[in-house]
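Participant: Take a look at the following structure, please.
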Amino acid sequence: MIDPAEYCRLLERYLCQKNEGHLIRIVGPVFEQVSGWAAQGVPLAIAQRGIDRYCERYYAKGPRRRPVRIEFCEADVLDLFDAWRRAVGVGGSVDAGEAPRRPTLPSHLDRVMARLTASRASRQGSPALQACIDETMRELDGLLDAARSVRGDERATMIDRLREIDRTLLAVAAREIDETRLRGLRKEAEADLAPFASRMTPDAYAGAVNAALDRLVREAAGLPLVAFD
């Protein structure tokens, strides 16, 4: 596990960049708070994304009046950590206040299509990935109307199809990444899971590493999670 002091130093530097060079030291009670994230096993990248998410909302409100303090980001950090743990299969939940409401299936599809549109516009990836994104968007657009009223077995079938679409899109994205970078992403996934490794069976750990690697590949490609779980 990363040394708590180093963990705080890296997040202090990251937040300084988000605050356009304004440095706010992580000391005293705030140091204990952020050290607690490290003790829980919150990966550094997850903590950084939590800071990003808080700052995005803060900036959207208009011109900033004061620098963001890291303690304000805790709910976002722990919410993302909870989602990460569920996705990679390490279990448990964290107390980040009231849990956010789960999106409906139609709203999930709307968000996925918006993210895919943004990814397509950024021209990320090869023609093969762009073609896969286009095909995915056409299929999701066809599913959207049905998603508003689908129930029971038909809904379960649609959710299974979304998982298949997600696997296909992820496989195409993975082929875009060279072996050296892919090995680096796997090492990052293993490092993120290191605090939990001793509590897991070898099979569970291997599955968690693969799930964490999938998330990193998806992020590297700028793709949303199409599956709805």
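Residue numbering restarts at 1 for every chain of the structure tokens, chains are lettered A, B, ... in their displayed order, and ligands are numbered from 1 as they appear.
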Which polymer residues have any atom within 12 Å of an atom of Leu223 in chain A, counting only C-alpha atoms, with same-chain residues fewer than 6 positions away left out, as a ChimeraX atom specification?
Facilitator: /A:111-120,122,124-125,129-130,132-133,136,166-167,169-174,214-217
Participant: My list of candidates is A:Val90, A:Leu182, A:Ala128, A:Leu225. Which is closest to Ala197 in chain A when distances are computed with only C-alpha atoms?
Facilitator: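 Answer, going by the shortest atom-to-atom distance: A:Val90.
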Participant: Name the residues in contact with range 57-59 of chain A at a cut-off of 12 Å, using only C-alpha atoms, excluding same-chain residues fewer than 4 positions from it; report them as a ChimeraX atom specification.
Facilitator: /A:18-19,50-53,63-69,72-73,76
Participant: Enter the distance from CA of Cys8 in chain A to CA of Asp79 in chain A, in Å, rounded to one decimal.
Facilitator: 18.9 Å
